[in-house]
Number of protein chains: 4
Amino acid sequence: MPETDLCRIGVAINEELLAQFDKLIDKRGYTNRSEAFRDLIRNELVKERWDSPNSEVFGTVTLVYDHHVRLLTEKLTSLQHKYHSSIISSTHVHLDHDNCLEVIVVRGKATAVQGLANALIAMKGVKHGRFTGTASGRDLP
Amino acid sequence: MPETDLCRIGVAINEELLAQFDKLIDKRGYTNRSEAFRDLIRNELVKERWDSPNSEVFGTVTLVYDHHVRLLTEKLTSLQHKYHSSIISSTHVHLDHDNCLEVIVVRGKATAVQGLANALIAMKGVKHGRFTGTASGRDLP
Amino acid sequence: MPETDLCRIGVAINEELLAQFDKLIDKRGYTNRSEAFRDLIRNELVKERWDSPNSEVFGTVTLVYDHHVRLLTEKLTSLQHKYHSSIISSTHVHLDHDNCLEVIVVRGKATAVQGLANALIAMKGVKHGRFTGTASGRDLP
Amino acid sequence: MPETDLCRIGVAINEELLAQFDKLIDKRGYTNRSEAFRDLIRNELVKERWDSPNSEVFGTVTLVYDHHVRLLTEKLTSLQHKYHSSIISSTHVHLDHDNCLEVIVVRGKATAVQGLANALIAMKGVKHGRFTGTASGRDLP
């Protein structure tokens with residue numbers, strides 16, 4: 001990434017607010033204050049993107065389920081194949097004898113991707129499901 | 001507020017990210033980029049404070065309820081009196097013939113305030129309740 | 001509220017999940033399991049309503065600010081008057097010598113109300129602002 | 001999963017609220033109302049678990065980053081090895097020429113897992129990071 005177009009802006013801030021910010025980002029593991037500012041900005045951009053239903057987004061669906069539930073594995077697989085063009089990859093973790101955790105990386109229009117996530121989470125036997133939205137790196141300078 | 005201790009820091013940021021940020025904050029009604037940065041910081045500080053159960057916080061409890069539900073008004077009032085030292089004020093709005101919206105401003109330790117909010121929201125007849133945490137302005141430079 | 005149309009539905013649930021739910025709602029102050037179920041449902045309905053930009057909603061804007069910031073009080077008042085048809089009431093709390101907490105109850109289309117909230121929160125001198133959405137009680141059976 | 005201990009409870013609910021709930025869960029892809037109720041419950045249980053810093057949890061960290069950023073890949077790998085006992089697996093997706101999406105499945109005490117997630121998200125070059133908490137299926141009846 002040739003950072004040719006990096007610039008430096010000035011931000012007016014009072015000392016006490018700055019001191020508290022520095023303490024907070026140190027606690028969160030940042031070694032560089034500008035990077036912390038850029039992350040705050042990119043977080044807001046991702047939120048904005050997800051509010052526009054037609055923008056192209058990426059996301060992950062995390063599912064915890066019991067693979068002994070009758071036909072669940074078949075149904076999950078068949079739903080994923082139906083939407084194969086929206087699914088990039090799927091990772092399976094064996095939590096214990098009964099339980100699985102699966103992370104499915106998805107891509108597409110915000111509404112379509114959310115619909116697919118809903119359908120996976122709604123399946124009988126899926127104990128907990130969460131959808132996490134992000135954006136393509138190309139959209140995040 | 002004598003802003004004697006205002007300082008100016010430099011933030012390194014690439015042009016494209018800055019352009020998108022400026023567009024976003026303009027949409028959100030900011031006229032001043034530094035103010036947008038300060039608000040992002042203060043948001044994170046408030047989150048942090050709410051994760052420390054013993055810090056002193058402020059908040060609002062928003063309730064929507066039907067005042068015809070038997071004894072509800074009495075119960076809400078009596079619960080508020082029980083916790084009067086945590087309650088600063090209460091505003092009542094008549095939404096329509098049946099429904100009320102009430103906003104209760106609360107103060108105290110994060111866990112106590114959350115407990116009071118839970119108890120109000122859990123009451124039979126309260127249709128929707130939401131708790132919003134903030135912090136004392138003194139804690140937010 | 002004549003609850004003439006109350007019905008009783010059956011929900012299949014395994015014992016252990018039920019036991020954990022009962023423990024949780026007891027902790028949150030519920031004395032009635034059906035009420036806890038109804039609240040979970042109404043929460044989802046409110047979320048849904050807020051995803052439809054044209055639906056009529058209610059909400060509260062919580063602001064913490066320093067009233068010494070030059071012209072802030074005037075600007076907050078004048079903005080509120082400009083949007084007086086969307087604002088039902090406003091409650092002011094004096095937190096300390098410098099700081100104020102203000103809760104503004106708003107009503108209107110989801111996007112308009114969000115826009116007004118953004119403009120209030122973005123004002124210079126407003127240290128922390130949060131918008132909380134709810135719905136009219138009429139829409140929440 | 002021998003569902004020997006399945007029981008059926010009654011929930012009192014008014015007709016209109018039930019009608020709106022049925023419409024909502026149909027839209028979200030549920031074919032079974034009891035399953036929708038169980039999912040609402042399990043969602044609350046997961047939230048609860050995450051509020052207890054010492055409980056054993058699972059989660060996923062989703063990162064979007066530019067692999068051209070100097071030393072970023074090395075740093076991400078070395079941090080993951082340092083915490084290898086908390087990391088179950090890691091999936092990498094090539095979004096485009098520059099950008100990667102990585103999903104890391106983590107396990108451990110809530111605070112430790114959150115700390116690891118923070119450190120990954122804070123790295124320079126990581127454009128967007130999100131942490132999603134879930135719980136072991138064993139804990140979710």
# chains A, B, ... in the order shown; residues from 1 in each chain; ligands from 1
call {"tool": "select_by_dssp", "arguments": {"residues": "region 25-136 of chain A", "states": "strand (DSSP E or B)", "output": "PyMOL selection string"}}
result
chain A and resi 56-66+87-94+99-109+126-134
call {"tool": "interface_residues", "arguments": {"of": "chain A", "to": "chain C", "cutoff": "12 Å", "atoms": "only C-alpha atoms", "output": "PyMOL selection string"}}
result
chain A and resi 17+50-53+111+127
call {"tool": "closest_residue", "arguments": {"among": "D:Leu63, D:Val46, D:Leu40, D:Leu116", "to": "Ser90 (chain D)", "atoms": "only C-alpha atoms"}}
result
D:Leu63
call {"tool": "residues_around", "arguments": {"residues": "Gly29 (chain A)", "least_positions_apart": "5", "cutoff": "7 Å", "atoms": "only C-alpha atoms", "output": "compact mmCIF listing (two decimals) with N, CA and C atoms, in the first residue's frame"}}
result
# COMPACT_ATOMS: atom_id res chain seq x y z
N ASN D 118 -9.34 -7.14 21.40
CA ASN D 118 -8.92 -5.73 21.36
C ASN D 118 -7.54 -5.57 20.74
N ALA D 119 -6.60 -6.42 21.16
CA ALA D 119 -5.23 -6.31 20.66
C ALA D 119 -5.17 -6.55 19.16
N ALA D 122 -6.74 -3.52 17.35
CA ALA D 122 -5.98 -2.27 17.49
C ALA D 122 -4.77 -2.20 16.56
call {"tool": "residues_around", "arguments": {"residues": "His94 (chain A)", "least_positions_apart": "6", "cutoff": "12 Å", "atoms": "only C-alpha atoms", "output": "ChimeraX atom specification"}}
result
/A:63-67,100-103 /D:88-89,105,136-138
call {"tool": "write_last_selection", "arguments": {"atoms": "N, CA and C atoms", "output": "PDB file, in the first residue's frame"}}
result
ATOM      1  N   LEU A  63     -22.610 -19.512  14.254  1.00  0.00           N
ATOM      2  CA  LEU A  63     -23.697 -20.385  14.699  1.00  0.00           C
ATOM      3  C   LEU A  63     -23.180 -21.381  15.735  1.00  0.00           C
ATOM      4  N   VAL A  64     -23.938 -21.603  16.793  1.00  0.00           N
ATOM      5  CA  VAL A  64     -23.652 -22.691  17.725  1.00  0.00           C
ATOM      6  C   VAL A  64     -24.832 -23.653  17.645  1.00  0.00           C
ATOM      7  N   TYR A  65     -24.564 -24.932  17.366  1.00  0.00           N
ATOM      8  CA  TYR A  65     -25.686 -25.863  17.238  1.00  0.00           C
ATOM      9  C   TYR A  65     -25.292 -27.264  17.649  1.00  0.00           C
ATOM     10  N   ASP A  66     -26.308 -28.059  17.856  1.00  0.00           N
ATOM     11  CA  ASP A  66     -26.124 -29.455  18.237  1.00  0.00           C
ATOM     12  C   ASP A  66     -26.315 -30.297  16.984  1.00  0.00           C
ATOM     13  N   HIS A  67     -25.254 -30.953  16.558  1.00  0.00           N
ATOM     14  CA  HIS A  67     -25.342 -31.666  15.279  1.00  0.00           C
ATOM     15  C   HIS A  67     -26.195 -32.928  15.376  1.00  0.00           C
ATOM     16  N   CYS A 100     -21.381 -27.827  17.958  1.00  0.00           N
ATOM     17  CA  CYS A 100     -20.522 -27.310  16.909  1.00  0.00           C
ATOM     18  C   CYS A 100     -20.605 -25.792  16.907  1.00  0.00           C
ATOM     19  N   LEU A 101     -19.516 -25.169  16.484  1.00  0.00           N
ATOM     20  CA  LEU A 101     -19.542 -23.746  16.204  1.00  0.00           C
ATOM     21  C   LEU A 101     -19.163 -23.621  14.735  1.00  0.00           C
ATOM     22  N   GLU A 102     -19.944 -22.857  13.991  1.00  0.00           N
ATOM     23  CA  GLU A 102     -19.652 -22.694  12.574  1.00  0.00           C
ATOM     24  C   GLU A 102     -19.613 -21.209  12.256  1.00  0.00           C
ATOM     25  N   VAL A 103     -18.603 -20.798  11.509  1.00  0.00           N
ATOM     26  CA  VAL A 103     -18.495 -19.393  11.096  1.00  0.00           C
ATOM     27  C   VAL A 103     -18.568 -19.342   9.583  1.00  0.00           C
TER      28      VAL A 103
ATOM     29  N   ILE D  88      -8.876 -21.178  18.599  1.00  0.00           N
ATOM     30  CA  ILE D  88      -9.219 -22.507  18.102  1.00  0.00           C
ATOM     31  C   ILE D  88      -8.872 -22.629  16.632  1.00  0.00           C
ATOM     32  N   SER D  89      -9.242 -21.628  15.857  1.00  0.00           N
ATOM     33  CA  SER D  89      -8.962 -21.720  14.430  1.00  0.00           C
ATOM     34  C   SER D  89      -9.002 -20.341  13.818  1.00  0.00           C
ATOM     35  N   VAL D 105     -11.598 -17.896  15.626  1.00  0.00           N
ATOM     36  CA  VAL D 105     -12.512 -18.433  16.639  1.00  0.00           C
ATOM     37  C   VAL D 105     -11.749 -18.530  17.952  1.00  0.00           C
ATOM     38  N   SER D 136     -20.627 -21.570  24.790  1.00  0.00           N
ATOM     39  CA  SER D 136     -20.532 -22.975  24.426  1.00  0.00           C
ATOM     40  C   SER D 136     -21.938 -23.534  24.320  1.00  0.00           C
ATOM     41  N   GLY D 137     -22.146 -24.414  23.375  1.00  0.00           N
ATOM     42  CA  GLY D 137     -23.471 -25.017  23.223  1.00  0.00           C
ATOM     43  C   GLY D 137     -23.893 -25.750  24.486  1.00  0.00           C
ATOM     44  N   ARG D 138     -22.903 -26.284  25.219  1.00  0.00           N
ATOM     45  CA  ARG D 138     -23.200 -27.033  26.440  1.00  0.00           C
ATOM     46  C   ARG D 138     -23.918 -26.142  27.458  1.00  0.00           C
TER      47      ARG D 138
END
call {"tool": "residues_around", "arguments": {"residues": "Asn14 (chain D)", "least_positions_apart": "3", "cutoff": "6 Å", "atoms": "only C-alpha atoms", "output": "MDAnalysis selection string"}}
result
(chainID C and resid 5:7) or (chainID D and resid 17)
call {"tool": "atom_distance", "arguments": {"atom1": "CA of Gly108 (chain A)", "atom2": "CA of Thr134 (chain D)"}}
result
24.1 Å
call {"tool": "residues_around", "arguments": {"residues": "Ile13 (chain D)", "least_positions_apart": "5", "cutoff": "10 Å", "atoms": "only C-alpha atoms", "output": "PyMOL selection string"}}
result
(chain C and resi 3+5-9+34-35+37-38+141) or (chain D and resi 18)
call {"tool": "atom_distance", "arguments": {"atom1": "CA of Val57 (chain A)", "atom2": "CA of Ile87 (chain A)"}}
result
12.0 Å
call {"tool": "decode", "arguments": {"residues": "region 39-108 of chain C", "atoms": "C-alpha atoms", "output": "PDB file, in the first residue's frame"}}
result
ATOM      1  CA  ASP C  39     -41.462  -7.994  26.679  1.00  0.00           C
ATOM      2  CA  LEU C  40     -39.060 -10.036  24.575  1.00  0.00           C
ATOM      3  CA  ILE C  41     -41.577  -9.927  21.735  1.00  0.00           C
ATOM      4  CA  ARG C  42     -42.234  -6.213  22.024  1.00  0.00           C
ATOM      5  CA  ASN C  43     -38.511  -5.515  21.989  1.00  0.00           C
ATOM      6  CA  GLU C  44     -38.238  -7.260  18.644  1.00  0.00           C
ATOM      7  CA  LEU C  45     -41.254  -5.349  17.302  1.00  0.00           C
ATOM      8  CA  VAL C  46     -39.696  -2.019  18.255  1.00  0.00           C
ATOM      9  CA  LYS C  47     -36.433  -2.976  16.503  1.00  0.00           C
ATOM     10  CA  GLU C  48     -38.417  -3.914  13.404  1.00  0.00           C
ATOM     11  CA  ARG C  49     -40.312  -0.626  13.402  1.00  0.00           C
ATOM     12  CA  TRP C  50     -37.089   1.334  13.570  1.00  0.00           C
ATOM     13  CA  ASP C  51     -35.842  -0.465  10.498  1.00  0.00           C
ATOM     14  CA  SER C  52     -38.766   0.918   8.473  1.00  0.00           C
ATOM     15  CA  PRO C  53     -37.791   4.555   7.856  1.00  0.00           C
ATOM     16  CA  ASN C  54     -41.354   5.721   7.278  1.00  0.00           C
ATOM     17  CA  SER C  55     -43.019   4.371  10.367  1.00  0.00           C
ATOM     18  CA  GLU C  56     -44.145   6.801  13.082  1.00  0.00           C
ATOM     19  CA  VAL C  57     -41.953   6.417  16.151  1.00  0.00           C
ATOM     20  CA  PHE C  58     -41.202   7.999  19.488  1.00  0.00           C
ATOM     21  CA  GLY C  59     -37.882   8.446  21.161  1.00  0.00           C
ATOM     22  CA  THR C  60     -35.794  10.337  23.660  1.00  0.00           C
ATOM     23  CA  VAL C  61     -32.616  12.317  23.109  1.00  0.00           C
ATOM     24  CA  THR C  62     -30.371  12.514  26.169  1.00  0.00           C
ATOM     25  CA  LEU C  63     -27.802  15.324  26.105  1.00  0.00           C
ATOM     26  CA  VAL C  64     -25.051  16.197  28.577  1.00  0.00           C
ATOM     27  CA  TYR C  65     -23.567  19.644  28.012  1.00  0.00           C
ATOM     28  CA  ASP C  66     -21.804  22.578  29.590  1.00  0.00           C
ATOM     29  CA  HIS C  67     -24.123  25.577  29.557  1.00  0.00           C
ATOM     30  CA  HIS C  68     -21.125  27.934  29.710  1.00  0.00           C
ATOM     31  CA  VAL C  69     -20.143  27.127  26.153  1.00  0.00           C
ATOM     32  CA  ARG C  70     -20.814  30.329  24.269  1.00  0.00           C
ATOM     33  CA  LEU C  71     -24.217  30.474  22.557  1.00  0.00           C
ATOM     34  CA  LEU C  72     -24.893  26.765  23.132  1.00  0.00           C
ATOM     35  CA  THR C  73     -28.116  27.261  25.084  1.00  0.00           C
ATOM     36  CA  GLU C  74     -29.385  29.664  22.443  1.00  0.00           C
ATOM     37  CA  LYS C  75     -28.533  27.266  19.642  1.00  0.00           C
ATOM     38  CA  LEU C  76     -30.134  24.271  21.365  1.00  0.00           C
ATOM     39  CA  THR C  77     -33.291  26.267  22.020  1.00  0.00           C
ATOM     40  CA  SER C  78     -33.494  27.645  18.529  1.00  0.00           C
ATOM     41  CA  LEU C  79     -32.993  24.222  16.931  1.00  0.00           C
ATOM     42  CA  GLN C  80     -35.715  22.787  19.131  1.00  0.00           C
ATOM     43  CA  HIS C  81     -38.100  25.558  18.126  1.00  0.00           C
ATOM     44  CA  LYS C  82     -37.352  24.973  14.473  1.00  0.00           C
ATOM     45  CA  TYR C  83     -38.430  21.340  14.961  1.00  0.00           C
ATOM     46  CA  HIS C  84     -41.139  22.115  17.499  1.00  0.00           C
ATOM     47  CA  SER C  85     -43.656  19.892  15.753  1.00  0.00           C
ATOM     48  CA  SER C  86     -41.380  16.867  16.349  1.00  0.00           C
ATOM     49  CA  ILE C  87     -40.640  17.712  19.976  1.00  0.00           C
ATOM     50  CA  ILE C  88     -43.101  16.861  22.703  1.00  0.00           C
ATOM     51  CA  SER C  89     -41.252  17.960  25.788  1.00  0.00           C
ATOM     52  CA  SER C  90     -37.879  18.747  27.201  1.00  0.00           C
ATOM     53  CA  THR C  91     -36.631  18.179  30.755  1.00  0.00           C
ATOM     54  CA  HIS C  92     -33.614  19.927  32.143  1.00  0.00           C
ATOM     55  CA  VAL C  93     -31.488  18.707  35.066  1.00  0.00           C
ATOM     56  CA  HIS C  94     -28.690  20.762  36.642  1.00  0.00           C
ATOM     57  CA  LEU C  95     -25.945  18.201  37.202  1.00  0.00           C
ATOM     58  CA  ASP C  96     -23.482  20.602  38.809  1.00  0.00           C
ATOM     59  CA  HIS C  97     -22.262  24.181  38.480  1.00  0.00           C
ATOM     60  CA  ASP C  98     -21.357  23.748  34.815  1.00  0.00           C
ATOM     61  CA  ASN C  99     -23.090  20.688  33.466  1.00  0.00           C
ATOM     62  CA  CYS C 100     -26.655  20.033  32.375  1.00  0.00           C
ATOM     63  CA  LEU C 101     -28.511  16.922  31.379  1.00  0.00           C
ATOM     64  CA  GLU C 102     -31.444  17.418  29.054  1.00  0.00           C
ATOM     65  CA  VAL C 103     -33.935  14.802  27.900  1.00  0.00           C
ATOM     66  CA  ILE C 104     -36.004  15.672  24.862  1.00  0.00           C
ATOM     67  CA  VAL C 105     -39.000  13.516  23.925  1.00  0.00           C
ATOM     68  CA  VAL C 106     -39.429  13.367  20.162  1.00  0.00           C
ATOM     69  CA  ARG C 107     -41.982  11.939  17.743  1.00  0.00           C
ATOM     70  CA  GLY C 108     -42.178  11.557  13.973  1.00  0.00           C
TER      71      GLY C 108
END
